[in-house]
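Raw contents of upload-v5.txt, compact mmCIF, C-alpha atoms:
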# COMPACT_ATOMS: atom_id res chain seq x y z
CA MET A 1085 10.33 5.37 17.92
CA LEU A 1086 10.42 1.61 17.91
CA LEU A 1087 10.83 -0.38 14.74
CA ASN A 1088 8.02 -2.62 15.92
CA GLN A 1089 5.28 -0.01 15.79
CA PHE A 1090 5.71 0.38 12.03
CA LEU A 1091 5.98 -3.35 11.48
CA LEU A 1092 2.81 -4.02 13.48
CA LEU A 1093 0.87 -1.27 11.71
CA SER A 1094 1.97 -2.75 8.41
CA ALA A 1095 0.95 -6.24 9.56
CA ILE A 1096 -2.52 -4.98 10.49
CA LEU A 1097 -2.95 -3.23 7.14
CA PHE A 1098 -1.73 -6.34 5.33
CA CYS A 1099 -4.29 -8.54 7.09
CA ILE A 1100 -7.11 -6.10 6.38
CA GLY A 1101 -6.08 -6.19 2.72
CA VAL A 1102 -6.10 -10.00 2.73
CA TYR A 1103 -9.59 -9.91 4.24
CA GLY A 1104 -10.69 -7.56 1.46
CA VAL A 1105 -9.25 -9.82 -1.25
CA ILE A 1106 -11.07 -12.84 0.21
CA VAL A 1107 -14.42 -11.22 0.90
CA ARG A 1108 -14.97 -8.67 -1.86
CA LYS A 1109 -16.79 -9.73 -4.99
CA ASN A 1110 -16.37 -6.63 -7.13
CA GLY A 1111 -13.20 -6.70 -9.27
CA VAL A 1112 -12.30 -3.04 -8.63
CA LEU A 1113 -12.60 -3.54 -4.88
CA VAL A 1114 -10.30 -6.58 -5.05
CA LEU A 1115 -7.70 -4.42 -6.83
CA MET A 1116 -8.06 -1.76 -4.11
CA SER A 1117 -7.40 -4.37 -1.43
CA ILE A 1118 -4.29 -5.47 -3.32
CA GLU A 1119 -3.11 -1.84 -3.23
CA LEU A 1120 -3.56 -1.94 0.54
CA ILE A 1121 -1.34 -5.03 0.74
CA LEU A 1122 1.36 -3.44 -1.44
CA ASN A 1123 1.35 -0.32 0.73
CA ALA A 1124 1.76 -2.39 3.88
CA VAL A 1125 4.82 -4.03 2.34
CA ASN A 1126 6.22 -0.62 1.40
CA ILE A 1127 5.96 0.60 5.00
CA ASN A 1128 8.07 -2.40 6.01
CA LEU A 1129 10.69 -1.68 3.35
CA VAL A 1130 11.03 1.98 4.35
CA ALA A 1131 11.11 1.13 8.07
CA PHE A 1132 13.98 -1.30 7.55
CA SER A 1133 15.80 1.18 5.34
CA THR A 1134 16.39 3.35 8.42
CA MET A 1135 18.64 0.63 9.81
CA HIS A 1136 20.08 -1.16 6.79
CA GLY A 1137 20.88 1.51 4.22
CA LEU A 1138 18.87 3.15 1.48
CA GLY A 1139 18.13 0.02 -0.55
CA GLY A 1140 14.78 -0.29 1.19
CA GLN A 1141 13.65 3.13 0.03
CA VAL A 1142 14.74 2.35 -3.51
CA PHE A 1143 12.80 -0.90 -3.43
CA ALA A 1144 9.75 0.96 -2.09
CA LEU A 1145 9.98 3.29 -5.09
CA PHE A 1146 10.22 0.30 -7.42
CA ALA A 1147 7.21 -1.27 -5.71
CA ILE A 1148 5.24 1.95 -6.22
CA ALA A 1149 6.11 1.95 -9.94
CA ILE A 1150 5.17 -1.72 -10.31
CA ALA A 1151 1.92 -1.13 -8.40
CA ALA A 1152 1.04 1.64 -10.83
CA ALA A 1153 1.67 -0.69 -13.78
CA GLU A 1154 -0.32 -3.44 -12.08
CA VAL A 1155 -3.31 -1.17 -11.51
CA GLY A 1156 -3.25 -0.02 -15.12
CA VAL A 1157 -3.22 -3.54 -16.55
CA GLY A 1158 -5.60 -4.83 -13.85
CA LEU A 1159 -8.20 -2.17 -14.57
CA ALA A 1160 -7.89 -2.85 -18.30
CA ILE A 1161 -8.57 -6.54 -17.63
CA VAL A 1162 -11.53 -5.67 -15.39
CA LEU A 1163 -12.91 -3.43 -18.14
CA LEU A 1164 -12.54 -6.24 -20.66
CA ILE A 1165 -14.33 -8.67 -18.35
CA TYR A 1166 -17.10 -6.14 -17.88
CA ARG A 1167 -17.41 -5.70 -21.63
CA ASN A 1168 -17.63 -9.44 -22.26
CA LYS A 1169 -19.79 -10.54 -19.34
CA ARG A 1170 -21.62 -7.33 -18.34
CA SER A 1171 -20.55 -7.97 -14.75
CA ILE A 1172 -17.31 -7.78 -12.77
CA ASP A 1173 -18.19 -10.19 -9.99
CA VAL A 1174 -15.06 -12.26 -9.63
CA ASP A 1175 -17.12 -15.11 -8.16
CA GLU A 1176 -18.87 -15.60 -11.49
CA LEU A 1177 -15.64 -16.10 -13.41
CA ASP A 1178 -15.47 -19.86 -12.98
CA GLU A 1179 -15.03 -21.16 -16.53
CA LEU A 1180 -11.86 -23.00 -15.53
CA LYS A 1181 -13.70 -24.89 -12.80
CA GLY A 1182 -14.05 -28.47 -14.02
CA MET B 1331 -0.66 -2.26 22.70
CA SER B 1332 1.86 -1.59 25.45
CA PRO B 1333 5.02 -2.61 23.56
CA LEU B 1334 3.80 -0.61 20.60
CA PHE B 1335 4.10 2.80 22.19
CA ALA B 1336 6.53 1.98 24.95
CA ALA B 1337 9.25 4.09 23.38
CA ALA B 1338 9.11 6.78 26.01
CA ALA B 1339 11.00 9.80 24.90
CA GLU B 1340 14.73 9.86 25.22
CA THR B 1341 15.24 12.45 22.55
CA THR B 1342 12.92 15.38 22.02
CA PHE B 1343 11.94 14.19 18.56
CA ASP B 1344 10.34 11.01 19.85
CA VAL B 1345 7.26 12.38 21.63
CA PRO B 1346 5.72 14.39 18.76
CA ALA B 1347 6.65 11.66 16.28
CA ASN B 1348 4.96 9.03 18.41
CA VAL B 1349 1.86 11.18 18.81
CA VAL B 1350 1.64 11.72 15.07
CA PHE B 1351 2.21 8.03 14.50
CA ALA B 1352 -0.52 7.02 16.95
CA VAL B 1353 -3.06 9.42 15.43
CA THR B 1354 -2.32 8.41 11.84
CA ALA B 1355 -2.25 4.71 12.76
CA VAL B 1356 -5.71 4.90 14.33
CA PHE B 1357 -7.07 6.78 11.32
CA MET B 1358 -5.43 4.39 8.85
CA ILE B 1359 -6.69 1.23 10.52
CA ALA B 1360 -10.20 2.62 10.87
CA ALA B 1361 -10.21 3.77 7.24
CA ALA B 1362 -8.83 0.43 6.01
CA ILE B 1363 -11.54 -1.47 7.88
CA ARG B 1364 -14.18 0.85 6.49
CA MET B 1365 -12.71 0.36 3.03
CA VAL B 1366 -13.13 -3.41 3.07
CA THR B 1367 -16.55 -3.34 4.75
CA THR B 1368 -18.38 -0.37 3.27
CA LYS B 1369 -21.40 -1.00 1.09
CA ASN B 1370 -20.72 1.98 -1.15
CA ILE B 1371 -18.03 1.42 -3.76
CA VAL B 1372 -17.18 5.10 -4.26
CA HIS B 1373 -16.78 5.51 -0.50
CA ALA B 1374 -14.34 2.58 -0.57
CA ALA B 1375 -12.14 4.51 -3.01
CA LEU B 1376 -12.33 7.61 -0.80
CA TRP B 1377 -11.41 5.63 2.33
CA LEU B 1378 -8.45 4.30 0.34
CA VAL B 1379 -7.31 7.92 -0.03
CA VAL B 1380 -7.17 8.23 3.79
CA VAL B 1381 -5.08 5.06 4.10
CA LEU B 1382 -2.67 6.08 1.35
CA GLY B 1383 -2.25 9.56 2.84
CA GLY B 1384 -1.51 8.00 6.22
CA VAL B 1385 1.12 5.78 4.62
CA GLY B 1386 2.71 8.92 3.15
CA ILE B 1387 2.78 10.57 6.58
CA ASN B 1388 4.45 7.44 7.93
CA TYR B 1389 7.14 7.75 5.28
CA LEU B 1390 7.72 11.31 6.47
CA LEU B 1391 8.06 10.04 10.05
CA LEU B 1392 10.63 7.55 8.81
CA GLN B 1393 12.55 10.45 7.21
CA ALA B 1394 11.99 9.19 3.67
CA GLU B 1395 10.87 12.42 2.05
CA PHE B 1396 11.35 11.36 -1.54
CA VAL B 1397 9.28 8.19 -1.10
CA ALA B 1398 6.61 10.24 0.69
CA ILE B 1399 6.35 12.77 -2.14
CA THR B 1400 6.25 9.94 -4.68
CA GLN B 1401 3.49 8.30 -2.64
CA PHE B 1402 1.42 11.48 -2.64
CA LEU B 1403 1.95 12.12 -6.35
CA VAL B 1404 1.57 8.60 -7.72
CA TYR B 1405 -0.96 7.06 -5.36
CA LEU B 1406 -3.15 9.99 -4.34
CA GLY B 1407 -2.76 11.78 -7.64
CA ALA B 1408 -2.93 8.98 -10.17
CA ILE B 1409 -3.97 5.59 -8.85
CA VAL B 1410 -7.03 6.75 -6.92
CA VAL B 1411 -8.23 8.64 -9.99
CA LEU B 1412 -7.65 5.47 -12.02
CA PHE B 1413 -9.80 3.55 -9.56
CA LEU B 1414 -12.56 6.13 -9.78
CA PHE B 1415 -12.44 5.86 -13.58
CA GLY B 1416 -12.64 2.09 -13.26
CA ILE B 1417 -15.69 2.39 -11.03
CA MET B 1418 -17.29 4.76 -13.52
CA LEU B 1419 -16.53 2.70 -16.62
CA THR B 1420 -17.80 -0.58 -15.17
CA ARG B 1421 -21.07 1.12 -14.23
CA ALA B 1422 -20.74 0.06 -10.64
CA PRO B 1423 -23.82 0.61 -8.51
CA LEU B 1424 -23.54 4.13 -7.11
CA GLY B 1425 -24.94 4.43 -3.64
CA VAL B 1426 -25.52 1.64 -1.18
CA SER B 1427 -25.37 -1.85 -2.65
CA ASP B 1428 -25.64 -5.17 -0.82
CA ASP B 1429 -23.99 -7.11 -3.62
CA LEU B 1430 -20.34 -6.25 -3.01
CA ASP B 1431 -19.37 -9.10 -0.66
CA ASN B 1432 -19.54 -12.83 -1.10
CA ASN B 1433 -20.71 -15.22 1.60
CA GLN B 1434 -17.23 -16.07 2.91
CA LYS B 1435 -17.03 -13.36 5.54
CA TRP B 1436 -16.05 -15.65 8.41
CA VAL B 1437 -13.45 -17.47 6.34
CA GLY B 1438 -11.91 -14.07 5.57
CA ILE B 1439 -11.99 -12.94 9.20
CA GLY B 1440 -10.48 -16.23 10.36
CA THR B 1441 -7.72 -16.19 7.75
CA SER B 1442 -6.72 -12.59 8.34
CA LEU B 1443 -6.77 -12.93 12.14
CA LEU B 1444 -4.62 -16.06 11.94
CA LEU B 1445 -2.22 -14.27 9.61
CA LEU B 1446 -2.12 -11.27 11.96
CA LEU B 1447 -1.39 -13.57 14.89
CA VAL B 1448 1.50 -15.26 13.10
CA ILE B 1449 3.03 -12.07 11.69
CA GLY B 1450 2.52 -10.11 14.90
CA TYR B 1451 4.03 -12.80 17.10
CA SER B 1452 7.07 -13.27 14.89
CA VAL B 1453 7.62 -9.52 14.54
CA ILE B 1454 7.40 -8.93 18.29
CA GLU B 1455 9.64 -11.93 18.96
CA THR B 1456 12.28 -10.82 16.47
CA TRP B 1457 12.38 -7.04 16.83
CA GLY B 1458 11.06 -6.71 20.36
CA LYS B 1459 12.71 -3.51 21.49
CA ASP B 1460 14.74 -2.37 18.50
CA LYS B 1461 14.77 1.39 18.18
CA LEU B 1462 14.92 3.28 14.93
CA THR B 1463 18.38 4.67 14.56
CA PHE B 1464 18.43 6.55 11.25
CA GLU B 1465 22.11 5.72 11.09
CA ALA B 1466 22.10 5.33 7.34
CA PHE B 1467 21.48 9.04 6.88
CA GLN B 1468 24.17 10.41 9.13
CA GLY B 1469 27.17 11.76 7.34
CA VAL B 1470 25.25 12.26 4.12
CA ALA B 1471 23.15 15.28 4.97
CA GLU B 1472 25.15 18.44 4.53
CA ALA B 1473 24.11 21.91 5.41
CA ASN B 1474 21.67 23.55 2.98
CA THR B 1475 21.39 20.52 0.73
CA ASN B 1476 18.76 17.83 0.76
CA GLY B 1477 21.20 15.11 1.64
CA ARG B 1478 18.79 12.24 1.93
CA THR B 1479 17.17 12.72 -1.45
CA GLN B 1480 20.64 13.07 -2.89
CA ALA B 1481 21.62 9.78 -1.29
CA VAL B 1482 18.50 8.07 -2.60
CA SER B 1483 19.19 9.26 -6.12
CA ASP B 1484 22.83 8.16 -5.80
CA THR B 1485 21.61 4.72 -4.79
CA ILE B 1486 19.07 4.48 -7.62
CA PHE B 1487 21.46 5.62 -10.33
CA GLY B 1488 24.43 3.76 -8.93
CA GLN B 1489 23.82 0.43 -7.33
CA TYR B 1490 20.29 -0.07 -8.68
CA LEU B 1491 20.70 1.35 -12.18
CA ILE B 1492 19.83 -1.84 -14.07
CA PRO B 1493 16.62 -2.54 -12.08
CA PHE B 1494 15.67 1.09 -12.68
CA GLU B 1495 16.04 0.66 -16.44
CA MET B 1496 14.07 -2.58 -16.22
CA ILE B 1497 11.27 -0.64 -14.50
CA SER B 1498 11.08 1.76 -17.44
CA VAL B 1499 10.76 -1.15 -19.89
CA LEU B 1500 8.13 -2.74 -17.63
CA LEU B 1501 6.11 0.49 -17.52
CA LEU B 1502 6.25 0.73 -21.30
CA ALA B 1503 5.07 -2.88 -21.63
CA ALA B 1504 2.25 -2.27 -19.13
CA LEU B 1505 1.22 0.88 -21.00
CA ILE B 1506 1.05 -0.90 -24.35
CA GLY B 1507 -0.67 -3.90 -22.76
CA ALA B 1508 -3.33 -1.76 -21.11
CA ILE B 1509 -4.03 0.06 -24.37
CA VAL B 1510 -4.28 -3.19 -26.34
CA LEU B 1511 -6.55 -4.76 -23.73
CA ALA B 1512 -8.92 -1.85 -23.33
CA ARG B 1513 -9.12 -0.90 -27.00
CA ARG B 1514 -12.46 -1.37 -28.69
CA ASP B 1515 -12.17 -2.93 -32.13

In structure tokens, write the structure found in this file.
Amino acid sequence: MLLNQFLLLSAILFCIGVYGVIVRKNGVLVLMSIELILNAVNINLVAFSTMHGLGGQVFALFAIAIAAAEVGVGLAIVLLIYRNKRSIDVDELDELKG
Amino acid sequence: MSPLFAAAAETTFDVPANVVFAVTAVFMIAAAIRMVTTKNIVHAALWLVVVLGGVGINYLLLQAEFVAITQFLVYLGAIVVLFLFGIMLTRAPLGVSDDLDNNQKWVGIGTSLLLLLVIGYSVIETWGKDKLTFEAFQGVAEANTNGRTQAVSDTIFGQYLIPFEMISVLLLAALIGAIVLARRD
């Protein structure tokens, strides 16, 4: 197995996730796309850990834990936005726009 | 695609691993594209399950069993359910809805293709023909013990002990923060 095949797969998943973050309007779908990006990064970390020691796997585990925390807080924020505005379209949240 | 699968078998493990990789990669990419384009928000969460499962299978191919099991437990078991709860609690439109995307589709396609071009070129330039060696695991695995998981736990609780403790504090903070944010008062 080449190292490159994992890196390219992860690059493709990363770019699809970036597309989702740009294009999606629903807050929950944006969070899902962010999960896709984090998973692509984790594939990279684990692929490099086969060559450079186990630190990569440990960092992938840390990234999984942080992603879980991020989803918890992110969904709480989305719920709060829904409760205040009755909508979770991220395009409508433009109060800071001058 | 030719450099991607050019690793013709030198050891017997390579052929089945490459076949499994090719199949899961095709499924993952197709599911990821469906996830960001589908009009049905619940289907998006279910396509996410396919991608996350494929990532777990890739961890198994990379001989990272502990990370794979954690992926299955945490992502497939917890995070997807959390997403489904989020969809339910925000009263998202069940069924087909045309209101999930904004009007910046071509900006998104352009940006992600440009990013893919840059990352792909630099990756192919830098690691053109590097083979996976799995050298880090040799000498650790002993007979009848799960050597790799043992090595991972040695690394976590040795070299990375302080980051590990920081993670526990971070999870506690996130837990309290989520409760405070979502509480009705």

**Report entry** Residues of chain B within 7 Å of chain A, only C-alpha atoms counted, as a ChimeraX atom specification
**Finding:** /B:1334,1337,1344,1348,1355,1359,1362-1363,1366,1392,1397,1409,1416-1417,1420,1430-1432,1434-1435,1438-1439,1442,1445-1446,1449-1450,1454,1457-1466,1482,1486,1501,1504,1507-1508,1511-1512

Report task. Tell me, in Å to one decimal, how far CA of Leu1444 (chain B) is from CA of Thr1368 (chain B). Result -> 22.6 Å

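Take CA of Leu1412 (chain B) and CA of Ala1352 (chain B): the distance between them is 29.9 Å.
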
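Candidate residues B:Pro1493, B:Leu1500, B:Ile1509, B:Arg1478 were compared for distance to Gln1393 (chain B), and the nearest is B:Arg1478, using all atoms listed in the file.
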
Report task. Around the point (-7.5, 5.3, 6.2), in the coordinates given by the file, pick out the residues reaching within 8 Å, counting all atoms listed in the file, and return them as a PyMOL selection string. Result -> chain B and resi 1357-1362+1365+1377-1384

Query raised in the report: How many Å separate CA of Ile1399 (chain B) from CA of Arg1364 (chain B)?
Result: 25.3 Å

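Of the residues under consideration (B:Leu1390, B:Val1410, B:Ile1497, B:Leu1403), B:Val1410 shows the shortest atom-to-atom contact distance to His1373 (chain B) when counting only C-alpha atoms.
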
Query raised in the report: Of the candidates B:Leu1414, B:Val1350, B:Val1385, B:Ala1481, which one gets nearest to Gln1401 (chain B) if we count all atoms listed in the file?
Result: B:Val1385

Requested in this report: Point out the residue among B:Asn1370, B:Gln1489, B:Thr1354, B:Gln1480 with the least atom-to-atom distance to Pro1423 (chain B), counting all atoms listed in the file.
Outcome: B:Asn1370
